[in-house]
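Shown next: input30.txt, containing compact mmCIF, C-alpha atoms.
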# COMPACT_ATOMS: atom_id res chain seq x y z
CA MET A 1 0.00 0.00 0.00
CA ARG A 2 2.77 2.43 0.86
CA THR A 3 4.50 2.15 -2.51
CA GLY A 4 1.24 2.27 -4.46
CA LYS A 5 0.01 5.40 -2.71
CA ARG A 6 3.35 7.17 -2.21
CA GLY A 7 3.11 9.24 -5.41
CA LEU A 8 -0.41 10.42 -4.67
CA LEU A 9 0.29 11.16 -1.03
CA THR A 10 3.57 12.94 -1.72
CA ALA A 11 1.78 15.10 -4.26
CA ALA A 12 -0.93 15.85 -1.71
CA VAL A 13 1.66 16.89 0.85
CA THR A 14 3.25 19.14 -1.78
CA VAL A 15 -0.11 20.76 -2.50
CA VAL A 16 -0.77 21.34 1.19
CA CYS A 17 2.66 22.87 1.68
CA ALA A 18 2.20 24.99 -1.44
CA VAL A 19 -1.14 26.26 -0.18
CA THR A 20 0.56 27.11 3.10
CA VAL A 21 3.17 29.21 1.31
CA LEU A 22 0.61 30.93 -0.90
CA ALA A 23 -1.76 31.47 2.01
CA ALA A 24 0.81 32.79 4.47
CA PRO A 25 -0.45 35.44 6.90
CA GLY A 26 -0.68 38.82 5.25
CA THR A 27 -1.26 37.44 1.75
CA ALA A 28 -4.03 39.39 0.02
CA PHE A 29 -6.62 37.24 -1.77
CA ALA A 30 -8.73 40.05 -3.22
CA ALA A 31 -7.58 42.45 -5.92
CA PRO A 32 -5.19 45.11 -4.64
CA ALA A 33 -7.10 48.02 -3.17
CA PRO A 34 -6.13 51.66 -3.70
CA PRO A 35 -4.08 53.27 -0.97
CA PRO A 36 -6.23 54.14 2.04
CA PRO A 37 -7.06 57.80 2.58
CA PRO A 38 -4.82 59.67 4.95
CA GLY A 39 -5.58 58.95 8.57
CA THR A 40 -7.02 55.45 8.00
CA THR A 41 -5.21 52.46 9.50
CA ALA A 42 -6.65 49.50 7.57
CA SER A 43 -7.75 48.82 4.03
CA VAL A 44 -11.28 47.77 3.11
CA THR A 45 -9.88 44.43 1.99
CA VAL A 46 -8.30 43.75 5.39
CA VAL A 47 -11.54 44.68 7.14
CA ALA A 48 -13.50 42.44 4.76
CA ASP A 49 -11.10 39.58 5.36
CA ARG A 50 -11.37 40.10 9.09
CA ASP A 51 -15.17 40.01 8.85
CA LEU A 52 -15.03 36.86 6.76
CA GLU A 53 -12.63 35.29 9.25
CA ALA A 54 -15.31 35.85 11.88
CA VAL A 55 -17.81 34.22 9.53
CA ARG A 56 -15.42 31.29 9.05
CA GLU A 57 -15.10 30.83 12.81
CA LYS A 58 -18.87 30.98 13.25
CA LEU A 59 -19.40 28.42 10.48
CA ASP A 60 -16.78 26.19 12.04
CA LYS A 61 -18.62 26.31 15.38
CA LEU A 62 -21.97 25.56 13.75
CA TYR A 63 -20.65 22.60 11.79
CA ARG A 64 -18.79 21.26 14.82
CA ALA A 65 -21.98 21.50 16.86
CA ALA A 66 -23.72 19.60 14.07
CA ALA A 67 -20.95 16.98 14.22
CA VAL A 68 -21.47 16.53 17.96
CA ALA A 69 -25.21 16.14 17.41
CA THR A 70 -24.48 13.68 14.60
CA ASP A 71 -22.50 11.55 17.03
CA GLU A 72 -25.48 11.65 19.40
CA TYR A 73 -27.79 10.65 16.55
CA ASN A 74 -25.54 7.80 15.44
CA ALA A 75 -25.18 6.54 19.03
CA ALA A 76 -28.96 6.54 19.46
CA GLU A 77 -29.35 4.78 16.11
CA GLU A 78 -26.84 2.08 17.06
CA GLU A 79 -28.43 1.56 20.47
CA ALA A 80 -31.87 1.31 18.85
CA ARG A 81 -30.55 -1.42 16.56
CA GLN A 82 -29.19 -3.37 19.50
CA GLN A 83 -32.37 -2.93 21.53
CA SER A 84 -34.56 -3.99 18.61
CA ALA A 85 -32.45 -7.11 18.14
CA GLN A 86 -32.70 -7.87 21.88
CA ILE A 87 -36.49 -7.47 21.77
CA VAL A 88 -36.64 -9.92 18.86
CA ARG A 89 -34.51 -12.41 20.82
CA LEU A 90 -36.73 -12.02 23.89
CA ALA A 91 -39.87 -12.46 21.82
CA LYS A 92 -38.45 -15.68 20.42
CA ARG A 93 -37.67 -16.91 23.92
CA ILE A 94 -41.20 -16.08 25.05
CA VAL A 95 -42.68 -18.08 22.17
CA GLU A 96 -40.37 -21.01 22.92
CA GLY A 97 -41.19 -20.75 26.64
CA ARG A 98 -44.90 -20.82 25.98
CA GLU A 99 -44.50 -23.89 23.80
CA GLU A 100 -42.43 -25.57 26.51
CA LEU A 101 -45.01 -24.67 29.17
CA ALA A 102 -47.79 -26.07 27.01
CA GLY A 103 -45.83 -29.32 26.70
CA LEU A 104 -45.31 -29.49 30.45
CA LYS A 105 -49.01 -28.92 31.07
CA ALA A 106 -49.83 -31.69 28.59
CA ARG A 107 -47.52 -34.07 30.46
CA ALA A 108 -49.11 -33.12 33.77
CA GLY A 109 -52.53 -33.70 32.27
CA ALA A 110 -51.48 -37.13 31.02
CA ALA A 111 -50.28 -38.05 34.51
CA ALA A 112 -53.58 -36.93 36.01
CA ALA A 113 -55.49 -38.97 33.44
CA ALA A 114 -53.43 -42.05 34.27
CA GLN A 115 -54.26 -41.63 37.94
CA TYR A 116 -57.94 -41.32 37.08
CA ARG A 117 -57.81 -44.53 35.09
CA GLY A 118 -56.35 -46.19 38.17
CA GLY A 119 -59.52 -45.48 40.10
CA GLY A 120 -58.36 -42.17 41.43
CA LEU A 121 -56.17 -43.88 44.04
CA PRO A 122 -52.61 -42.73 44.46
CA PRO A 123 -49.85 -45.26 43.63
CA GLU A 124 -49.12 -45.78 47.35
CA ALA A 125 -52.68 -47.02 47.93
CA HIS A 126 -52.38 -49.55 45.12
CA LEU A 127 -49.17 -50.89 46.69
CA MET A 128 -50.78 -51.29 50.10
CA LEU A 129 -53.53 -53.38 48.52
CA SER A 130 -51.04 -55.71 46.79
CA ASP A 131 -50.59 -59.26 48.14
CA ASP A 132 -47.38 -60.00 46.19
CA PRO A 133 -44.23 -58.89 48.08
CA GLN A 134 -42.14 -58.69 44.89
CA GLU A 135 -44.81 -56.69 43.19
CA PHE A 136 -44.82 -54.41 46.25
CA LEU A 137 -41.03 -53.87 46.05
CA ASP A 138 -41.06 -53.30 42.30
CA GLY A 139 -43.97 -50.96 42.65
CA ALA A 140 -42.28 -49.02 45.43
CA GLY A 141 -39.36 -48.29 43.11
CA ARG A 142 -41.73 -47.12 40.42
CA VAL A 143 -43.55 -44.92 42.91
CA ARG A 144 -40.30 -43.25 43.95
CA GLN A 145 -39.43 -42.71 40.29
CA GLY A 146 -42.88 -41.33 39.68
CA GLU A 147 -42.60 -38.98 42.63
CA HIS A 148 -39.23 -37.72 41.40
CA ALA A 149 -40.65 -37.27 37.92
CA ALA A 150 -43.67 -35.41 39.28
CA LYS A 151 -41.49 -33.14 41.38
CA GLY A 152 -39.19 -32.57 38.40
CA LEU A 153 -42.18 -31.78 36.19
CA LEU A 154 -43.52 -29.36 38.77
CA GLY A 155 -40.11 -27.70 39.22
CA GLU A 156 -39.59 -27.39 35.47
CA THR A 157 -43.05 -25.90 35.06
CA ILE A 158 -42.38 -23.31 37.79
CA ARG A 159 -38.98 -22.40 36.28
CA THR A 160 -40.50 -22.05 32.83
CA GLN A 161 -43.22 -19.77 34.17
CA GLN A 162 -40.61 -17.68 36.00
CA ASP A 163 -38.49 -17.46 32.85
CA LEU A 164 -41.51 -16.28 30.88
CA GLU A 165 -42.23 -13.59 33.43
CA GLN A 166 -38.59 -12.44 33.35
CA TYR A 167 -38.51 -12.40 29.53
CA ALA A 168 -41.68 -10.30 29.52
CA GLN A 169 -40.21 -7.84 32.05
CA ASP A 170 -36.96 -7.61 30.06
CA ALA A 171 -38.86 -7.03 26.84
CA GLU A 172 -40.90 -4.26 28.48
CA ALA A 173 -37.72 -2.61 29.79
CA GLN A 174 -36.12 -2.81 26.35
CA MET A 175 -39.22 -1.27 24.78
CA LYS A 176 -39.02 1.65 27.21
CA ARG A 177 -35.33 2.12 26.44
CA LEU A 178 -36.08 1.92 22.72
CA GLU A 179 -38.72 4.62 23.04
CA ALA A 180 -36.34 6.82 25.04
CA GLY A 181 -33.68 6.22 22.37
CA ARG A 182 -36.09 7.25 19.64
CA LYS A 183 -36.75 10.51 21.46
CA ALA A 184 -32.99 11.11 21.88
CA LYS A 185 -32.48 10.35 18.19
CA ALA A 186 -35.24 12.77 17.19
CA GLU A 187 -33.77 15.49 19.43
CA ALA A 188 -30.30 14.94 17.95
CA GLN A 189 -31.75 15.17 14.46
CA ARG A 190 -33.44 18.45 15.39
CA LYS A 191 -30.10 19.81 16.63
CA ILE A 192 -28.29 18.72 13.46
CA GLU A 193 -30.84 20.26 11.14
CA LYS A 194 -30.94 23.49 13.16
CA ARG A 195 -27.14 23.92 13.08
CA ILE A 196 -26.83 23.05 9.40
CA GLU A 197 -29.73 25.35 8.51
CA ALA A 198 -28.06 28.21 10.39
CA ALA A 199 -24.75 27.56 8.63
CA GLU A 200 -26.35 27.36 5.20
CA LYS A 201 -28.29 30.56 5.87
CA LEU A 202 -25.06 32.31 6.87
CA GLU A 203 -23.28 31.10 3.73
CA SER A 204 -26.17 31.94 1.44
CA GLY A 205 -25.95 35.58 2.49
CA LEU A 206 -22.44 35.89 1.07
CA GLU A 207 -21.54 37.20 -2.37
CA GLU A 208 -19.67 34.84 -4.71
CA GLU A 209 -16.44 36.76 -4.22
CA GLU A 210 -16.88 36.51 -0.45
CA LYS A 211 -17.47 32.77 -0.72
CA GLU A 212 -14.22 32.42 -2.67
CA ILE A 213 -12.32 34.40 -0.05
CA LEU A 214 -13.97 32.37 2.71
CA ALA A 215 -12.89 29.13 1.02
CA ARG A 216 -9.33 30.46 0.86
CA LEU A 217 -9.43 31.39 4.53
CA GLU A 218 -10.55 27.86 5.36
CA GLN A 219 -7.72 26.43 3.27
CA GLN A 220 -5.26 28.81 4.87
CA ALA A 221 -6.28 27.83 8.42
CA ALA A 222 -5.97 24.13 7.59
CA ALA A 223 -2.69 24.58 5.75
CA GLU A 224 -1.14 26.61 8.56
CA ALA A 225 -2.12 23.98 11.11
CA GLN A 226 -0.67 21.23 8.92
CA ALA A 227 2.53 23.16 8.31
CA SER A 228 2.94 23.69 12.05
CA TRP A 229 2.37 19.98 12.68
CA LEU A 230 4.86 18.94 9.99
CA GLY A 231 7.31 21.57 11.23
CA SER A 232 7.55 19.70 14.53
CA GLY A 233 9.43 16.95 12.69
CA ILE A 234 6.72 14.39 13.44
CA LEU A 235 7.11 12.63 10.08
CA ASP A 236 10.66 11.69 11.02
CA GLU A 237 9.19 9.61 13.84
CA ILE A 238 6.19 8.08 12.03
CA ARG A 239 7.57 5.06 10.21
CA GLY A 240 5.01 2.29 10.77
CA GLY A 241 3.64 0.36 7.80
CA ALA A 242 0.08 -0.83 7.35
CA THR A 243 -0.99 -4.33 8.30
CA GLU A 244 -2.84 -6.41 5.72
CA GLN A 245 -6.19 -5.42 7.20
CA GLY A 246 -5.05 -1.83 7.60
CA GLY A 247 -4.15 -1.71 3.91
CA LYS A 248 -7.62 -2.99 3.01
CA ALA A 249 -9.26 -0.36 5.21
CA VAL A 250 -7.19 2.41 3.62
CA ALA A 251 -8.01 1.13 0.13
CA TYR A 252 -11.71 1.19 0.94
CA ALA A 253 -11.62 4.67 2.47
CA THR A 254 -9.61 6.25 -0.34
CA ALA A 255 -11.90 4.63 -2.93
CA GLN A 256 -14.73 6.76 -1.49
CA ILE A 257 -12.96 10.05 -2.26
CA GLY A 258 -15.34 12.42 -4.01
CA LYS A 259 -18.51 11.01 -2.45
CA PRO A 260 -20.63 13.51 -0.51
CA TYR A 261 -20.81 13.97 3.24
CA GLN A 262 -24.20 13.20 4.71
CA TRP A 263 -24.83 13.06 8.44
CA GLY A 264 -25.84 9.62 9.66
CA ALA A 265 -24.72 7.97 6.40
CA GLU A 266 -22.65 4.77 6.24
CA GLY A 267 -22.34 4.46 2.47
CA PRO A 268 -22.13 3.36 -0.14
CA GLU A 269 -23.25 6.62 -1.77
CA ALA A 270 -22.46 9.04 1.07
CA TYR A 271 -20.78 9.06 4.49
CA ASP A 272 -20.34 11.01 7.67
CA CYS A 273 -16.90 10.96 9.29
CA SER A 274 -17.32 7.89 11.52
CA GLY A 275 -19.52 6.18 8.94
CA LEU A 276 -16.54 6.24 6.58
CA THR A 277 -13.99 4.93 9.10
CA SER A 278 -16.27 2.25 10.54
CA GLN A 279 -17.33 0.92 7.13
CA ALA A 280 -13.72 0.93 5.92
CA TRP A 281 -12.67 -1.33 8.78
CA ILE A 282 -15.79 -3.49 8.52
CA SER A 283 -14.88 -4.06 4.87
CA ALA A 284 -11.46 -5.23 6.10
CA GLY A 285 -13.09 -7.77 8.41
CA ARG A 286 -13.16 -5.85 11.70
CA SER A 287 -16.19 -4.98 13.79
CA MET A 288 -16.13 -1.32 14.75
CA PRO A 289 -17.86 1.15 17.06
CA ARG A 290 -20.16 3.40 15.03
CA THR A 291 -19.32 6.87 16.36
CA SER A 292 -16.07 8.82 16.62
CA GLN A 293 -16.55 9.17 20.37
CA ALA A 294 -17.10 5.42 20.79
CA GLN A 295 -14.08 4.72 18.59
CA TRP A 296 -12.03 6.96 20.85
CA LYS A 297 -13.31 5.29 24.02
CA GLN A 298 -13.27 1.65 22.93
CA LEU A 299 -10.29 1.19 20.61
CA LYS A 300 -6.67 0.94 21.71
CA ARG A 301 -4.85 4.27 21.84
CA VAL A 302 -1.39 4.70 20.38
CA GLY A 303 1.04 7.59 20.29
CA ILE A 304 0.92 9.90 17.29
CA GLU A 305 4.56 9.06 16.57
CA ASP A 306 3.63 5.36 16.44
CA MET A 307 0.65 5.62 14.11
CA ARG A 308 0.50 3.68 10.88
CA PRO A 309 -1.81 3.69 7.84
CA GLY A 310 -5.27 2.51 8.85
CA ASP A 311 -5.11 4.04 12.33
CA LEU A 312 -7.88 6.50 13.18
CA VAL A 313 -7.01 10.08 14.07
CA ILE A 314 -9.52 11.56 16.52
CA TYR A 315 -9.97 15.35 16.48
CA PHE A 316 -11.09 18.02 18.95
CA ASP A 317 -11.45 17.71 22.71
CA ASP A 318 -14.92 16.20 22.41
CA ALA A 319 -13.81 13.52 19.88
CA SER A 320 -16.41 14.86 17.46
CA HIS A 321 -14.46 14.12 14.27
CA VAL A 322 -12.36 11.26 12.93
CA GLY A 323 -10.22 10.56 9.89
CA MET A 324 -8.09 7.62 8.76
CA TYR A 325 -4.34 8.03 8.52
CA VAL A 326 -3.07 6.93 5.09
CA GLY A 327 0.62 7.78 5.39
CA GLU A 328 2.97 10.61 4.46
CA GLY A 329 1.31 12.93 6.98
CA MET A 330 -2.09 12.65 5.28
CA MET A 331 -5.50 11.33 6.24
CA VAL A 332 -8.77 10.68 4.44
CA HIS A 333 -12.03 11.89 5.95
CA ALA A 334 -15.60 13.02 5.34
CA PRO A 335 -15.34 16.67 6.48
CA ARG A 336 -18.82 18.21 6.89
CA PRO A 337 -22.09 19.01 5.07
CA GLY A 338 -21.46 20.53 1.68
CA ARG A 339 -18.11 18.76 1.33
CA THR A 340 -16.98 15.43 -0.10
CA VAL A 341 -14.71 12.67 1.15
CA THR A 342 -11.19 13.94 0.61
CA LEU A 343 -7.51 13.71 1.51
CA ALA A 344 -6.29 16.29 4.00
CA GLY A 345 -3.32 16.94 6.22
CA ALA A 346 -3.45 14.78 9.34
CA GLY A 347 -2.46 17.83 11.39
CA SER A 348 -4.92 20.24 9.77
CA MET A 349 -7.21 20.07 12.83
CA PRO A 350 -6.47 19.79 16.57
CA ILE A 351 -5.58 16.12 17.23
CA LEU A 352 -7.02 14.56 20.37
CA GLY A 353 -5.29 11.22 19.81
CA VAL A 354 -4.90 8.12 17.67
CA VAL A 355 -6.64 4.75 18.01
CA ARG A 356 -5.84 1.40 16.37
CA PRO A 357 -8.63 -0.98 15.25
CA ASP A 358 -6.23 -3.87 14.56
CA ALA A 359 -4.12 -3.50 17.70
CA ASP A 360 -3.86 -7.28 18.09
CA ASP A 361 -1.90 -7.42 14.82
CA SER A 362 0.89 -5.23 16.22
Would you write out, as C-alpha cells, the structure that this file holds?
Amino acid sequence: MRTGKRGLLTAAVTVVCAVTVLAAPGTAFAAPAPPPPPGTTASVTVVADRDLEAVREKLDKLYRAAAVATDEYNAAEEEARQQSAQIVRLAKRIVEGREELAGLKARAGAAAAAQYRGGGLPPEAHLMLSDDPQEFLDGAGRVRQGEHAAKGLLGETIRTQQDLEQYAQDAEAQMKRLEAGRKAKAEAQRKIEKRIEAAEKLESGLEEEEKEILARLEQQAAAEAQASWLGSGILDEIRGGATEQGGKAVAYATAQIGKPYQWGAEGPEAYDCSGLTSQAWISAGRSMPRTSQAQWKQLKRVGIEDMRPGDLVIYFDDASHVGMYVGEGMMVHAPRPGRTVTLAGAGSMPILGVVRPDADDS
C-alpha cells in the first residue's frame, strides 16, 4: 500500500505545503485596493477579510456542533438497533417458553389422566392393597421414580413460568429504552438540522467573491495547522507500515474520495466521518464502534509518533471528528455538510489522539 500510494500522497503533501506558502499570513486574496485615505489604519480588503474570518469561525462552530449532534444521533441509532435485536430475541424466547409450558401442562394432564384410570387412588394405595411382596417392592421403586418425575415436572413448570415472566419484564424494559432512544435520536436530528440550517443561511448571504475568499481562509487555516504539525518533525518519527487489514481499510476509504458527506450515512453513496472509518474497517473484516466518540473510548490508543496507515485520528477535545491516517502525513475523511470525502493533512485540525482498530496485529 505504501509504494502504491506514495506518489499520490507525496503530491498531496506538496499541494498542502504549497497552499501554506501561498496562504501565508498577510497574503491578500482580493484584488489590490487603492491606498487608504490619509488617517485610516486599515484597508477595506483587510476589514472584509477580518469580517469573513469571523464568519469562518462561526461556520466552524456551527458545523462542529452539528458533528457533535451527529455523534449523538448515530449513538442513538446504534443503540436502537441493538435494543430492537434484543427485543426480537426475547420475543423468540417467550414463544419457545410458551410452547415448553404447554408441553409441560400436557404431560401433567397425562399423569392426572393415568391416575384417574387407576380409580383415582394414588400409587401408594395400590401398593398397600397388593398381596405379592415382589410386586410391592417393584412398585415401590416405580412410585419413587414417579414422585421424582412429578417433582421434576412441577419444578420445570415453575422455572418455565418464572423465565416467561422475566422475559416479559426484560422485553418491556427494552421497549421503554427503545422509546427513550427514539426521542434522543429525534432530538439529535433536530439539533443537526438546526445547526446546518443556520450555517447554510449564513453562507447563502455571502456574495460569490466573499465565498471564494472564505474558502481560501478555510484552506489557509488548515494549511497553517498542517505546516505547524509537519514543522515539529513528526514525520521523522512516524515510520510504521500498514498491516494487511489496515491496507484494506485504507483502500476502501480512499476509494470513497469524491462522495458527498451526509450526516448519519454509512455508504455506499455518502458518508459522515465515523460512517466512513467504521465501514472501511468493517470491509477489512473488523467490527467497529459506530461513532467517533465510541471509537475513541473503545479502541486501543497509540502515540501519534507510532501511528500507521489505517489508524484513526480523533480530532477536537470532544472527539467529534475522525479521519483515517493513510501515510505521508495525510489522512482521508468526510469533512462536513457541503463537502466530499477527501484527503487532508493529518495535522490540519487539533488532534485529540490516535486509536488502532487492529491493535492485536501489532
Out of A:Gly347, A:Leu62, A:Glu187, A:Tyr252, which residue has the shortest atom-to-atom distance to Gly231 in chain A when counting all atoms listed in the file?
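Residue with the minimum atom-to-atom distance to Gly231 in chain A: A:Gly347.
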Go through A:Glu79, A:Glu193, A:Asp170, A:Glu165 and flag the residue nearest Trp263 in chain A, using all atoms listed in the file for the distances.
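Closest to Trp263 in chain A, using all atoms listed in the file: A:Glu193.
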Rank A:Ala249, A:Ala184, A:Ile234, A:Ala265 by their smallest atom-to-atom distance to Trp281 in chain A, using all atoms listed in the file, and report the top residue only.
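Once distances to Trp281 in chain A are computed over all atoms listed in the file, the minimum belongs to A:Ala249.
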Trp296 in chain A surroundings by only C-alpha atoms, 10 Å radius, close-in-sequence under 4 positions cut, as JSON, numbers by chain:
{"A": [289, 291, 292, 300, 301, 312, 313, 314, 315, 318, 319, 320, 322, 352, 353, 354, 355, 356]}
Could you list, as a PyMOL selection string, every residue within 9 Å of Ala242 in chain A, counting all atoms listed in the file and ignoring same-chain residues fewer than 3 positions away?
chain A and resi 1-2+245-247+250+308-311+326-327
Give me, as a list in words, all polymer residues having an atom no more than 9 Å from Gly258 in chain A, counting only C-alpha atoms and skipping those fewer than 3 positions away in the same chain.
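Answer for this query is Ala255, Arg339, Thr340, Val341 and Thr342 of chain A.
Omitting Ser283 in chain A and its sequence neighbours fewer than 2 positions away, and counting only C-alpha atoms, the residues within 10 Å are Gln245, Lys248, Ala249, Ala251, Tyr252, Ala253, Thr277, Ser278, Gln279, Ala280, Trp281, Gly285, Arg286 and Ser287 of chain A.
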Which of A:Gln295, A:Thr243, A:Ser84, A:Gln256 sits closest to Glu179 in chain A [using only C-alpha atoms]
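Of A:Gln295, A:Thr243, A:Ser84, A:Gln256, the one nearest Glu179 in chain A, counting only C-alpha atoms, is A:Ser84.
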Atomic separation - CA of Ala294 in chain A relative to CA of Ala65 in chain A, Å
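If I compute the distance from CA of Ala65 in chain A to CA of Ala294 in chain A, I get 17.3 Å.
When CA of Thr70 in chain A is paired with CA of Met307 in chain A, their separation reads 26.4 Å.
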Do you know which residues are at most 10 Å from Trp229 in chain A counting only C-alpha atoms, after dropping those on the same chain fewer than 5 positions away, and could you put them as an MDAnalysis selection string?
chainID A and resid 223:224 234:235 329 345:351
Please reconstruct the missing atoms of range 275-284 of chain A (target: all heavy atoms) and return them as a CSV table (one decimal), in the frame of the given file.
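And here is the file that came out, part.csv:
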chain,number,residue,atom,x,y,z
A,275,GLY,N,-18.9,7.2,9.9
A,275,GLY,CA,-19.5,6.2,8.9
A,275,GLY,C,-18.5,5.7,8.0
A,275,GLY,O,-18.4,4.5,7.6
A,276,LEU,N,-17.6,6.6,7.5
A,276,LEU,CA,-16.5,6.2,6.6
A,276,LEU,C,-15.5,5.3,7.3
A,276,LEU,O,-15.2,4.3,6.7
A,276,LEU,CB,-15.8,7.5,6.1
A,276,LEU,CG,-14.6,7.3,5.2
A,276,LEU,CD1,-15.0,6.6,3.9
A,276,LEU,CD2,-13.9,8.6,4.9
A,277,THR,N,-15.0,5.7,8.4
A,277,THR,CA,-14.0,4.9,9.1
A,277,THR,C,-14.5,3.6,9.6
A,277,THR,O,-13.8,2.6,9.5
A,277,THR,CB,-13.4,5.7,10.3
A,277,THR,OG1,-14.5,6.1,11.2
A,277,THR,CG2,-12.7,7.0,9.8
A,278,SER,N,-15.7,3.5,10.1
A,278,SER,CA,-16.3,2.2,10.5
A,278,SER,C,-16.5,1.3,9.4
A,278,SER,O,-16.2,0.1,9.5
A,278,SER,CB,-17.6,2.5,11.3
A,278,SER,OG,-18.6,3.1,10.6
A,279,GLN,N,-17.1,1.8,8.3
A,279,GLN,CA,-17.3,0.9,7.1
A,279,GLN,C,-16.0,0.5,6.5
A,279,GLN,O,-15.9,-0.7,6.0
A,279,GLN,CB,-18.2,1.6,6.1
A,279,GLN,CG,-19.6,1.8,6.6
A,279,GLN,CD,-20.3,0.5,6.9
A,279,GLN,OE1,-20.3,-0.5,6.1
A,279,GLN,NE2,-20.9,0.4,8.1
A,280,ALA,N,-15.0,1.3,6.5
A,280,ALA,CA,-13.7,0.9,5.9
A,280,ALA,C,-13.1,-0.3,6.7
A,280,ALA,O,-12.7,-1.2,6.1
A,280,ALA,CB,-12.8,2.1,6.0
A,281,TRP,N,-13.2,-0.2,8.0
A,281,TRP,CA,-12.7,-1.3,8.8
A,281,TRP,C,-13.6,-2.6,8.8
A,281,TRP,O,-13.1,-3.7,8.8
A,281,TRP,CB,-12.4,-0.9,10.2
A,281,TRP,CG,-11.0,-0.3,10.3
A,281,TRP,CD1,-10.6,1.0,10.4
A,281,TRP,CD2,-9.8,-1.0,10.3
A,281,TRP,NE1,-9.3,1.1,10.4
A,281,TRP,CE2,-8.7,-0.1,10.4
A,281,TRP,CE3,-9.5,-2.4,10.3
A,281,TRP,CZ2,-7.4,-0.5,10.4
A,281,TRP,CZ3,-8.1,-2.8,10.3
A,281,TRP,CH2,-7.1,-1.9,10.4
A,282,ILE,N,-14.9,-2.3,8.7
A,282,ILE,CA,-15.8,-3.5,8.5
A,282,ILE,C,-15.5,-4.2,7.2
A,282,ILE,O,-15.5,-5.4,7.2
A,282,ILE,CB,-17.3,-3.0,8.6
A,282,ILE,CG1,-17.6,-2.6,10.0
A,282,ILE,CG2,-18.2,-4.1,8.1
A,282,ILE,CD1,-19.0,-2.0,10.2
A,283,SER,N,-15.2,-3.4,6.2
A,283,SER,CA,-14.9,-4.1,4.9
A,283,SER,C,-13.6,-4.9,5.0
A,283,SER,O,-13.4,-5.8,4.2
A,283,SER,CB,-14.7,-3.0,3.8
A,283,SER,OG,-13.5,-2.3,3.9
A,284,ALA,N,-12.7,-4.5,5.9
A,284,ALA,CA,-11.5,-5.2,6.1
A,284,ALA,C,-11.6,-6.4,7.1
A,284,ALA,O,-10.6,-7.1,7.4
A,284,ALA,CB,-10.4,-4.3,6.6
